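A.B. asks: mmCIF, N, CA and C atoms, saved as protein.cif, coming up:
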```cif
data_input
#
loop_
_atom_site.label_atom_id
_atom_site.label_comp_id
_atom_site.auth_asym_id
_atom_site.auth_seq_id
_atom_site.Cartn_x
_atom_site.Cartn_y
_atom_site.Cartn_z
N MET A 99 -42.17 -7.89 6.92
CA MET A 99 -41.37 -7.82 5.70
C MET A 99 -39.88 -7.69 6.05
N GLN A 100 -39.53 -6.79 6.98
CA GLN A 100 -38.13 -6.63 7.36
C GLN A 100 -37.57 -7.91 7.95
N TRP A 101 -38.37 -8.58 8.78
CA TRP A 101 -37.96 -9.85 9.39
C TRP A 101 -37.59 -10.85 8.30
N THR A 102 -38.47 -11.03 7.34
CA THR A 102 -38.27 -12.00 6.27
C THR A 102 -37.04 -11.65 5.44
N LEU A 103 -36.88 -10.38 5.07
CA LEU A 103 -35.72 -9.98 4.28
C LEU A 103 -34.43 -10.16 5.06
N GLY A 104 -34.42 -9.76 6.32
CA GLY A 104 -33.22 -9.90 7.15
C GLY A 104 -32.80 -11.34 7.30
N VAL A 105 -33.74 -12.21 7.59
CA VAL A 105 -33.42 -13.63 7.76
C VAL A 105 -33.01 -14.24 6.44
N ALA A 106 -33.76 -13.97 5.39
CA ALA A 106 -33.50 -14.60 4.09
C ALA A 106 -32.20 -14.14 3.45
N LEU A 107 -31.93 -12.85 3.48
CA LEU A 107 -30.77 -12.32 2.77
C LEU A 107 -29.50 -12.29 3.61
N LEU A 108 -29.62 -11.95 4.87
CA LEU A 108 -28.43 -11.73 5.69
C LEU A 108 -28.30 -12.69 6.86
N ASN A 109 -29.30 -13.53 7.06
CA ASN A 109 -29.33 -14.44 8.20
C ASN A 109 -29.21 -13.68 9.52
N LEU A 110 -29.84 -12.52 9.58
CA LEU A 110 -29.87 -11.75 10.81
C LEU A 110 -31.30 -11.60 11.26
N PHE A 111 -31.46 -11.33 12.52
CA PHE A 111 -32.82 -11.19 13.05
C PHE A 111 -32.80 -10.26 14.25
N PRO A 112 -33.76 -9.39 14.35
CA PRO A 112 -33.85 -8.51 15.51
C PRO A 112 -34.52 -9.23 16.67
N ALA A 113 -34.14 -8.86 17.88
CA ALA A 113 -34.77 -9.42 19.08
C ALA A 113 -35.45 -8.27 19.81
N THR A 114 -36.56 -7.82 19.29
CA THR A 114 -37.27 -6.71 19.89
C THR A 114 -38.70 -7.13 20.21
N ALA A 115 -39.31 -6.38 21.11
CA ALA A 115 -40.70 -6.66 21.46
C ALA A 115 -41.59 -6.48 20.24
N ARG A 116 -41.23 -5.56 19.36
CA ARG A 116 -42.03 -5.30 18.17
C ARG A 116 -42.08 -6.52 17.25
N ILE A 117 -40.96 -7.19 17.09
CA ILE A 117 -40.89 -8.38 16.24
C ILE A 117 -41.38 -9.59 17.02
N GLY A 118 -41.07 -9.63 18.30
CA GLY A 118 -41.47 -10.77 19.14
C GLY A 118 -40.26 -11.51 19.65
N PHE A 119 -40.03 -11.40 20.95
CA PHE A 119 -38.87 -12.07 21.55
C PHE A 119 -38.92 -13.57 21.32
N ARG A 120 -40.07 -14.15 21.48
CA ARG A 120 -40.17 -15.60 21.35
C ARG A 120 -39.74 -16.08 19.97
N LYS A 121 -40.16 -15.35 18.96
CA LYS A 121 -39.79 -15.73 17.58
C LYS A 121 -38.28 -15.58 17.40
N SER A 122 -37.72 -14.49 17.90
CA SER A 122 -36.28 -14.27 17.78
C SER A 122 -35.48 -15.30 18.55
N PHE A 123 -35.90 -15.58 19.79
CA PHE A 123 -35.18 -16.54 20.61
C PHE A 123 -35.30 -17.95 20.04
N ALA A 124 -36.47 -18.28 19.51
CA ALA A 124 -36.66 -19.59 18.89
C ALA A 124 -35.72 -19.73 17.69
N TYR A 125 -35.62 -18.66 16.90
CA TYR A 125 -34.73 -18.70 15.73
C TYR A 125 -33.27 -18.85 16.17
N ALA A 126 -32.87 -18.15 17.23
CA ALA A 126 -31.51 -18.27 17.75
C ALA A 126 -31.24 -19.70 18.19
N GLY A 127 -32.19 -20.29 18.90
CA GLY A 127 -32.05 -21.68 19.35
C GLY A 127 -31.92 -22.64 18.20
N GLU A 128 -32.73 -22.44 17.17
CA GLU A 128 -32.66 -23.30 15.99
C GLU A 128 -31.32 -23.15 15.28
N ALA A 129 -30.81 -21.93 15.21
CA ALA A 129 -29.51 -21.70 14.57
C ALA A 129 -28.40 -22.42 15.34
N VAL A 130 -28.43 -22.33 16.66
CA VAL A 130 -27.44 -23.02 17.49
C VAL A 130 -27.56 -24.53 17.31
N ASP A 131 -28.79 -25.03 17.28
CA ASP A 131 -29.00 -26.47 17.08
C ASP A 131 -28.44 -26.95 15.73
N ARG A 132 -28.43 -26.05 14.72
CA ARG A 132 -27.89 -26.40 13.40
C ARG A 132 -26.38 -26.21 13.33
N GLY A 133 -25.76 -25.77 14.46
CA GLY A 133 -24.31 -25.62 14.49
C GLY A 133 -23.80 -24.22 14.20
N TYR A 134 -24.69 -23.26 14.07
CA TYR A 134 -24.28 -21.89 13.81
C TYR A 134 -23.96 -21.16 15.10
N SER A 135 -23.10 -20.18 15.00
CA SER A 135 -22.85 -19.26 16.12
C SER A 135 -23.83 -18.11 15.99
N VAL A 136 -24.25 -17.58 17.12
CA VAL A 136 -25.18 -16.46 17.13
C VAL A 136 -24.45 -15.26 17.73
N LEU A 137 -24.40 -14.17 17.00
CA LEU A 137 -23.77 -12.94 17.46
C LEU A 137 -24.87 -12.01 17.94
N VAL A 138 -24.78 -11.58 19.20
CA VAL A 138 -25.80 -10.72 19.79
C VAL A 138 -25.17 -9.39 20.18
N PHE A 139 -25.84 -8.32 19.83
CA PHE A 139 -25.46 -6.99 20.29
C PHE A 139 -26.41 -6.67 21.45
N PRO A 140 -25.97 -6.90 22.69
CA PRO A 140 -26.88 -6.88 23.84
C PRO A 140 -27.35 -5.51 24.28
N GLU A 141 -26.85 -4.45 23.69
CA GLU A 141 -27.27 -3.11 24.09
C GLU A 141 -28.62 -2.73 23.48
N GLY A 142 -29.00 -3.37 22.42
CA GLY A 142 -30.30 -3.11 21.82
C GLY A 142 -30.30 -2.02 20.77
N LYS A 143 -29.36 -1.10 20.81
CA LYS A 143 -29.25 -0.08 19.77
C LYS A 143 -27.86 0.53 19.81
N HIS A 144 -27.53 1.25 18.75
CA HIS A 144 -26.21 1.87 18.65
C HIS A 144 -26.03 2.94 19.72
N THR A 145 -24.81 3.07 20.19
CA THR A 145 -24.49 4.13 21.14
C THR A 145 -24.59 5.48 20.44
N GLU A 146 -25.03 6.46 21.18
CA GLU A 146 -25.13 7.81 20.62
C GLU A 146 -23.98 8.69 21.07
N ASP A 147 -23.18 8.22 22.05
CA ASP A 147 -22.07 9.02 22.56
C ASP A 147 -20.75 8.26 22.64
N GLY A 148 -20.73 7.02 22.15
CA GLY A 148 -19.51 6.24 22.14
C GLY A 148 -19.31 5.37 23.38
N ARG A 149 -20.14 5.55 24.40
CA ARG A 149 -20.02 4.75 25.62
C ARG A 149 -20.88 3.49 25.53
N LEU A 150 -20.48 2.47 26.25
CA LEU A 150 -21.23 1.23 26.31
C LEU A 150 -22.59 1.50 26.96
N ARG A 151 -23.64 1.06 26.32
CA ARG A 151 -25.00 1.24 26.86
C ARG A 151 -25.34 0.05 27.75
N PRO A 152 -26.31 0.20 28.64
CA PRO A 152 -26.72 -0.93 29.47
C PRO A 152 -27.22 -2.09 28.61
N PHE A 153 -26.85 -3.31 29.01
CA PHE A 153 -27.30 -4.49 28.29
C PHE A 153 -28.78 -4.72 28.60
N ARG A 154 -29.49 -5.24 27.64
CA ARG A 154 -30.91 -5.56 27.80
C ARG A 154 -31.04 -6.92 28.49
N THR A 155 -32.10 -7.09 29.24
CA THR A 155 -32.31 -8.33 30.00
C THR A 155 -32.42 -9.54 29.09
N GLY A 156 -32.89 -9.35 27.87
CA GLY A 156 -33.04 -10.47 26.94
C GLY A 156 -31.76 -11.24 26.72
N VAL A 157 -30.60 -10.58 26.79
CA VAL A 157 -29.34 -11.29 26.59
C VAL A 157 -29.11 -12.27 27.73
N GLY A 158 -29.57 -11.94 28.95
CA GLY A 158 -29.47 -12.87 30.06
C GLY A 158 -30.36 -14.08 29.86
N LEU A 159 -31.57 -13.84 29.38
CA LEU A 159 -32.49 -14.94 29.08
C LEU A 159 -31.91 -15.86 28.02
N LEU A 160 -31.38 -15.26 26.98
CA LEU A 160 -30.80 -16.03 25.88
C LEU A 160 -29.60 -16.84 26.37
N ALA A 161 -28.72 -16.20 27.14
CA ALA A 161 -27.53 -16.88 27.67
C ALA A 161 -27.93 -18.06 28.55
N ASN A 162 -28.95 -17.88 29.37
CA ASN A 162 -29.40 -18.95 30.26
C ASN A 162 -30.00 -20.10 29.48
N ASN A 163 -30.79 -19.80 28.48
CA ASN A 163 -31.57 -20.83 27.80
C ASN A 163 -30.84 -21.55 26.67
N LEU A 164 -29.84 -20.93 26.07
CA LEU A 164 -29.11 -21.62 25.01
C LEU A 164 -28.25 -22.74 25.57
N ARG A 165 -27.79 -22.56 26.79
CA ARG A 165 -26.98 -23.56 27.48
C ARG A 165 -25.72 -23.93 26.69
N ILE A 166 -25.09 -22.90 26.15
CA ILE A 166 -23.82 -23.05 25.43
C ILE A 166 -22.87 -21.98 25.98
N PRO A 167 -21.56 -22.14 25.78
CA PRO A 167 -20.64 -21.10 26.22
C PRO A 167 -20.90 -19.78 25.48
N ILE A 168 -20.83 -18.71 26.23
CA ILE A 168 -21.02 -17.36 25.69
C ILE A 168 -19.64 -16.70 25.65
N LEU A 169 -19.28 -16.15 24.53
CA LEU A 169 -17.97 -15.54 24.36
C LEU A 169 -18.11 -14.02 24.36
N PRO A 170 -17.73 -13.36 25.48
CA PRO A 170 -17.84 -11.90 25.51
C PRO A 170 -16.85 -11.27 24.53
N MET A 171 -17.33 -10.28 23.79
CA MET A 171 -16.47 -9.58 22.83
C MET A 171 -16.73 -8.08 22.94
N ARG A 172 -15.71 -7.32 22.65
CA ARG A 172 -15.83 -5.86 22.66
C ARG A 172 -15.21 -5.33 21.38
N ILE A 173 -15.94 -4.46 20.71
CA ILE A 173 -15.44 -3.85 19.48
C ILE A 173 -15.28 -2.36 19.76
N ASP A 174 -14.04 -1.88 19.72
CA ASP A 174 -13.76 -0.46 19.94
C ASP A 174 -13.36 0.19 18.62
N GLY A 175 -13.75 1.45 18.47
CA GLY A 175 -13.38 2.22 17.29
C GLY A 175 -14.50 2.40 16.29
N LEU A 176 -15.56 1.63 16.39
CA LEU A 176 -16.65 1.76 15.42
C LEU A 176 -17.37 3.10 15.55
N PHE A 177 -17.52 3.59 16.77
CA PHE A 177 -18.23 4.85 16.96
C PHE A 177 -17.51 5.98 16.23
N GLU A 178 -16.19 5.97 16.34
CA GLU A 178 -15.40 7.02 15.68
C GLU A 178 -15.45 6.90 14.16
N ILE A 179 -15.54 5.67 13.66
CA ILE A 179 -15.59 5.45 12.21
C ILE A 179 -16.98 5.76 11.66
N LYS A 180 -17.98 5.33 12.38
CA LYS A 180 -19.36 5.49 11.89
C LYS A 180 -20.20 6.12 12.99
N LYS A 181 -20.21 7.41 13.01
CA LYS A 181 -21.02 8.12 13.99
C LYS A 181 -22.47 7.70 13.86
N ALA A 182 -23.19 7.63 14.98
CA ALA A 182 -24.60 7.22 14.97
C ALA A 182 -25.38 8.05 13.96
N GLY A 183 -26.18 7.39 13.16
CA GLY A 183 -27.02 8.08 12.19
C GLY A 183 -26.48 8.08 10.78
N LYS A 184 -25.18 7.88 10.59
CA LYS A 184 -24.62 7.84 9.24
C LYS A 184 -24.91 6.50 8.59
N LYS A 185 -25.12 6.52 7.30
CA LYS A 185 -25.41 5.27 6.58
C LYS A 185 -24.16 4.50 6.21
N PHE A 186 -23.06 5.20 5.94
CA PHE A 186 -21.83 4.54 5.52
C PHE A 186 -20.69 4.89 6.46
N ALA A 187 -19.78 3.94 6.64
CA ALA A 187 -18.62 4.15 7.51
C ALA A 187 -17.42 4.58 6.69
N ALA A 188 -16.65 5.50 7.25
CA ALA A 188 -15.39 5.91 6.63
C ALA A 188 -14.32 4.89 6.99
N PRO A 189 -13.27 4.76 6.21
CA PRO A 189 -12.19 3.84 6.57
C PRO A 189 -11.57 4.23 7.91
N GLY A 190 -11.12 3.27 8.65
CA GLY A 190 -10.51 3.53 9.95
C GLY A 190 -10.10 2.23 10.60
N LYS A 191 -9.62 2.33 11.83
CA LYS A 191 -9.16 1.15 12.55
C LYS A 191 -10.13 0.82 13.68
N ILE A 192 -10.36 -0.47 13.87
CA ILE A 192 -11.14 -0.94 15.00
C ILE A 192 -10.31 -1.96 15.76
N GLN A 193 -10.70 -2.21 17.00
CA GLN A 193 -10.04 -3.22 17.81
C GLN A 193 -11.10 -4.16 18.35
N VAL A 194 -10.87 -5.45 18.20
CA VAL A 194 -11.80 -6.46 18.71
C VAL A 194 -11.09 -7.19 19.85
N ARG A 195 -11.71 -7.20 21.01
CA ARG A 195 -11.16 -7.91 22.16
C ARG A 195 -12.12 -9.05 22.50
N ILE A 196 -11.54 -10.20 22.79
CA ILE A 196 -12.34 -11.40 23.07
C ILE A 196 -11.99 -11.90 24.46
N GLY A 197 -13.03 -12.13 25.27
CA GLY A 197 -12.85 -12.61 26.63
C GLY A 197 -12.93 -14.12 26.72
N LYS A 198 -12.94 -14.60 27.93
CA LYS A 198 -13.03 -16.05 28.18
C LYS A 198 -14.49 -16.48 28.11
N PRO A 199 -14.73 -17.69 27.62
CA PRO A 199 -16.10 -18.19 27.53
C PRO A 199 -16.77 -18.24 28.91
N MET A 200 -18.05 -17.94 28.93
CA MET A 200 -18.86 -17.97 30.14
C MET A 200 -20.07 -18.87 29.87
N GLN A 201 -20.55 -19.51 30.91
CA GLN A 201 -21.76 -20.32 30.75
C GLN A 201 -22.65 -20.10 31.96
N PHE A 202 -23.95 -20.08 31.73
CA PHE A 202 -24.91 -19.80 32.78
C PHE A 202 -25.89 -20.95 32.91
N ALA A 203 -26.32 -21.19 34.13
CA ALA A 203 -27.31 -22.24 34.38
C ALA A 203 -28.66 -21.80 33.84
N GLN A 204 -29.45 -22.73 33.40
CA GLN A 204 -30.76 -22.42 32.84
C GLN A 204 -31.64 -21.70 33.87
N LYS A 205 -31.45 -22.01 35.13
CA LYS A 205 -32.28 -21.40 36.18
C LYS A 205 -31.65 -20.14 36.77
N ALA A 206 -30.56 -19.67 36.20
CA ALA A 206 -29.93 -18.43 36.69
C ALA A 206 -30.89 -17.26 36.48
N ILE A 207 -30.74 -16.25 37.30
CA ILE A 207 -31.59 -15.06 37.19
C ILE A 207 -31.09 -14.26 35.98
N PRO A 208 -31.94 -14.02 34.97
CA PRO A 208 -31.51 -13.33 33.75
C PRO A 208 -30.84 -11.98 34.02
N ARG A 209 -31.33 -11.24 35.01
CA ARG A 209 -30.75 -9.94 35.34
C ARG A 209 -29.29 -10.10 35.79
N LYS A 210 -29.02 -11.17 36.55
CA LYS A 210 -27.65 -11.41 37.02
C LYS A 210 -26.76 -11.89 35.88
N SER A 211 -27.29 -12.72 35.00
CA SER A 211 -26.52 -13.16 33.83
C SER A 211 -26.17 -11.97 32.95
N ARG A 212 -27.16 -11.11 32.72
CA ARG A 212 -26.94 -9.89 31.93
C ARG A 212 -25.84 -9.04 32.57
N GLY A 213 -25.91 -8.86 33.88
CA GLY A 213 -24.91 -8.05 34.59
C GLY A 213 -23.51 -8.65 34.48
N ALA A 214 -23.42 -9.97 34.62
CA ALA A 214 -22.12 -10.63 34.52
C ALA A 214 -21.55 -10.48 33.10
N LEU A 215 -22.40 -10.59 32.11
CA LEU A 215 -21.94 -10.42 30.73
C LEU A 215 -21.48 -8.99 30.48
N GLN A 216 -22.24 -8.01 30.98
CA GLN A 216 -21.85 -6.62 30.77
C GLN A 216 -20.53 -6.33 31.45
N LYS A 217 -20.34 -6.83 32.67
CA LYS A 217 -19.08 -6.61 33.38
C LYS A 217 -17.93 -7.24 32.61
N ALA A 218 -18.12 -8.45 32.09
CA ALA A 218 -17.07 -9.11 31.33
C ALA A 218 -16.67 -8.29 30.11
N VAL A 219 -17.65 -7.70 29.42
CA VAL A 219 -17.35 -6.88 28.24
C VAL A 219 -16.66 -5.58 28.67
N GLU A 220 -17.16 -4.95 29.73
CA GLU A 220 -16.55 -3.70 30.21
C GLU A 220 -15.10 -3.91 30.60
N ASP A 221 -14.78 -5.08 31.17
CA ASP A 221 -13.42 -5.37 31.65
C ASP A 221 -12.44 -5.70 30.53
N LEU A 222 -12.93 -5.90 29.32
CA LEU A 222 -12.03 -6.24 28.21
C LEU A 222 -11.21 -5.03 27.80
#
```
Output the structure of this file as structure tokens.

C.D. replies:
Amino acid sequence: MQWTLGVALLNLFPATARIGFRKSFAYAGEAVDRGYSVLVFPEGKHTEDGRLRPFRTGVGLLANNLRIPILPMRIDGLFEIKKAGKKFAAPGKIQVRIGKPMQFAQKAIPRKSRGALQKAVEDL
């Protein structure tokens, strides 16, 4: 039910084992094929202390298999505005930093692609 509502109303989709990685990745591929950009939050869940969490390996798989440029981005200030667990965010300032596009070979090791993406985001 959540999958259907998320996709239908907000065009968002979770990439979790519970929902099914294959279904999520297939949907991401179809979206890219239709010309849409796919925004991925590679940490898998919100930070609980404001620090960047380790990226999940799935982002490496996705980066390798989409075969499109990946644009690393970092959003700072959200943790201070919306502490983990709150439903609504208070007004405040955020900063969005955008890195240089990266592309990975389809046969690249997903763990290494994930690491390179995390380093790119950390360096922003």

A.B. asks: Applied to this file, what does the PyMOL selection byres ((chain A and resi 178) around 8) return in terms of residues, put as a list in words?

C.D. replies: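 This file, filtered by the PyMOL selection byres ((chain A and resi 178) around 8), leaves Gly148, Asp174, Gly175, Leu176, Phe177, Ile179, Lys180, Lys181, Ala182, Ala187, Ala188, Pro189, Gly190 and Lys191 of chain A.
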
A.B. asks: Compile the contact shell of Lys205 in chain A as a list in words: residues with an atom at most 10 Å away, counting only C-alpha atoms, same-chain residues fewer than 6 positions apart removed.

C.D. replies: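 The residues that qualify are Leu159, Asn162 and Asn163 of chain A.
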
A.B. asks: Quick one: pull the distance between CA of Ile166 in chain A and CA of Arg195 in chain A, Å, one decimal.

C.D. replies: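 Separation of CA of Ile166 in chain A and CA of Arg195 in chain A: 20.0 Å.
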
A.B. asks: Could you write out as JSON, numbers by chain the residues that the PyMOL selection byres (((chain A and resi 197 and name CA) around 12) and name CA) matches in the shown file?

C.D. replies: {"A": [167, 168, 169, 170, 171, 172, 173, 194, 195, 196, 198, 199, 200, 215, 216, 217, 218, 219, 220, 221, 222]}

A.B. asks: For Arg154 in chain A, which residue out of A:Ala124, A:Ala129, A:Ala203, A:Val138 is the nearest one, using only C-alpha atoms?

C.D. replies: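 Counting only C-alpha atoms, the residue closest to Arg154 in chain A is A:Val138.
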
A.B. asks: Counting only N, CA and C atoms, which residue out of A:Leu164, A:Val157, A:Ile192, A:Val136 sits closest to Ser211 in chain A?

C.D. replies: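 Looking only at the distances to Ser211 in chain A, the closest residue turns out to be A:Val157.
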
A.B. asks: I'd like the interatomic distance between CA of Arg120 in chain A and CA of Gln201 in chain A, to a tenth of an Å.

C.D. replies: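 So the answer is 21.2 Å.
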
A.B. asks: Pick the closest to Leu160 in chain A from A:Asp147, A:Gly142, A:Pro208, A:Arg132: which is it, counting all atoms listed in the file?

C.D. replies: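 Ranked by minimum distance to Leu160 in chain A, first place goes to A:Pro208.
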
A.B. asks: Please return as a short mmCIF file (atom, residue, chain, number, x, y, z; two decimals) with N, CA and C atoms, in the coordinates of the input: the residues of chain A that backbone DSSP assigns to strand (DSSP E).

C.D. replies:
```cif
data_model
loop_
_atom_site.label_atom_id
_atom_site.label_comp_id
_atom_site.auth_asym_id
_atom_site.auth_seq_id
_atom_site.Cartn_x
_atom_site.Cartn_y
_atom_site.Cartn_z
N MET A 171 -17.33 -10.28 23.79
CA MET A 171 -16.47 -9.58 22.83
C MET A 171 -16.73 -8.08 22.94
N ARG A 172 -15.71 -7.32 22.65
CA ARG A 172 -15.83 -5.86 22.66
C ARG A 172 -15.21 -5.33 21.38
N ILE A 173 -15.94 -4.46 20.71
CA ILE A 173 -15.44 -3.85 19.48
C ILE A 173 -15.28 -2.36 19.76
N ASP A 174 -14.04 -1.88 19.72
CA ASP A 174 -13.76 -0.46 19.94
C ASP A 174 -13.36 0.19 18.62
N GLN A 193 -10.70 -2.21 17.00
CA GLN A 193 -10.04 -3.22 17.81
C GLN A 193 -11.10 -4.16 18.35
N VAL A 194 -10.87 -5.45 18.20
CA VAL A 194 -11.80 -6.46 18.71
C VAL A 194 -11.09 -7.19 19.85
N ARG A 195 -11.71 -7.20 21.01
CA ARG A 195 -11.16 -7.91 22.16
C ARG A 195 -12.12 -9.05 22.50
N ILE A 196 -11.54 -10.20 22.79
CA ILE A 196 -12.34 -11.40 23.07
C ILE A 196 -11.99 -11.90 24.46
#
```

A.B. asks: Interatomic distance between atom C of Lys210 in chain A and CA of Thr155 in chain A?

C.D. replies: 8.8 Å

A.B. asks: Of the candidates A:Phe123, A:Phe139, A:Phe202, A:Phe186, which one gets nearest to Arg165 in chain A if we count only N, CA and C atoms?

C.D. replies: A:Phe202

A.B. asks: Residues of range 118-222 of chain A in helix (DSSP H, G or I) according to DSSP, as a ChimeraX atom specification?

C.D. replies: /A:119-131,155-164,176-179,208-220

A.B. asks: Could you work out an axis-aligned bounding box for all listed atoms of range 156-160 of chain A, with 6 Å added on each of the six sides, and give its centre and edge lengths in Å to one decimal, as AutoDock Vina command-line options?

C.D. replies:
```
--center_x -31.1 --center_y -13.1 --center_z 28.0 --size_x 15.9 --size_y 19.5 --size_z 16.2
```

A.B. asks: Selecting C-alpha atoms, how would range 130-194 of chain A from this structure be written as a compact mmCIF listing (two decimals), in the first residue's frame?

C.D. replies:
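The resulting result_15.txt:
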```txt
# COMPACT_ATOMS: atom_id res chain seq x y z
CA VAL A 130 15.66 7.34 -16.28
CA ASP A 131 14.59 5.77 -19.59
CA ARG A 132 11.60 8.17 -19.63
CA GLY A 133 13.95 11.14 -19.14
CA TYR A 134 13.44 11.72 -15.42
CA SER A 135 16.19 12.38 -12.92
CA VAL A 136 16.35 10.07 -9.93
CA LEU A 137 17.28 11.52 -6.54
CA VAL A 138 18.76 8.95 -4.16
CA PHE A 139 19.46 9.37 -0.47
CA PRO A 140 22.23 6.75 -0.24
CA GLU A 141 22.43 6.59 3.55
CA GLY A 142 19.20 4.62 3.81
CA LYS A 143 17.77 6.60 6.73
CA HIS A 144 17.92 9.97 8.42
CA THR A 145 20.93 10.82 10.53
CA GLU A 146 20.32 10.70 14.26
CA ASP A 147 23.29 12.90 15.21
CA GLY A 148 23.77 15.22 12.22
CA ARG A 149 26.76 13.34 10.79
CA LEU A 150 26.85 11.68 7.38
CA ARG A 151 25.96 8.00 7.71
CA PRO A 152 27.69 5.26 5.69
CA PHE A 153 26.27 4.89 2.19
CA ARG A 154 24.45 1.65 1.42
CA THR A 155 25.90 -0.67 -1.21
CA GLY A 156 22.73 -0.38 -3.30
CA VAL A 157 23.75 3.11 -4.42
CA GLY A 158 26.87 1.57 -5.98
CA LEU A 159 24.78 -1.02 -7.80
CA LEU A 160 22.41 1.65 -9.03
CA ALA A 161 25.25 3.94 -10.14
CA ASN A 162 26.91 1.09 -12.04
CA ASN A 163 23.76 -0.14 -13.74
CA LEU A 164 22.06 3.10 -14.74
CA ARG A 165 25.09 4.01 -16.85
CA ILE A 166 24.37 7.73 -16.60
CA PRO A 167 26.34 10.54 -14.91
CA ILE A 168 25.81 10.67 -11.16
CA LEU A 169 25.76 14.13 -9.60
CA PRO A 170 26.98 14.10 -5.98
CA MET A 171 25.07 16.54 -3.79
CA ARG A 172 25.25 17.49 -0.14
CA ILE A 173 22.51 19.18 1.83
CA ASP A 174 23.65 20.83 5.07
CA GLY A 175 21.41 22.37 7.71
CA LEU A 176 18.45 20.00 7.52
CA PHE A 177 19.38 18.21 10.73
CA GLU A 178 19.31 21.48 12.65
CA ILE A 179 15.97 22.46 11.10
CA LYS A 180 14.28 19.10 11.45
CA LYS A 181 15.69 16.98 14.21
CA ALA A 182 15.25 13.24 13.61
CA GLY A 183 11.80 12.10 14.67
CA LYS A 184 9.94 15.40 14.23
CA LYS A 185 7.10 15.45 11.72
CA PHE A 186 7.42 19.10 10.70
CA ALA A 187 10.45 21.30 10.04
CA ALA A 188 10.88 24.75 11.54
CA PRO A 189 11.95 27.59 9.20
CA GLY A 190 15.69 27.86 8.76
CA LYS A 191 18.54 27.95 6.28
CA ILE A 192 20.03 25.05 4.37
CA GLN A 193 22.97 24.85 2.01
CA VAL A 194 23.07 22.64 -1.07
```
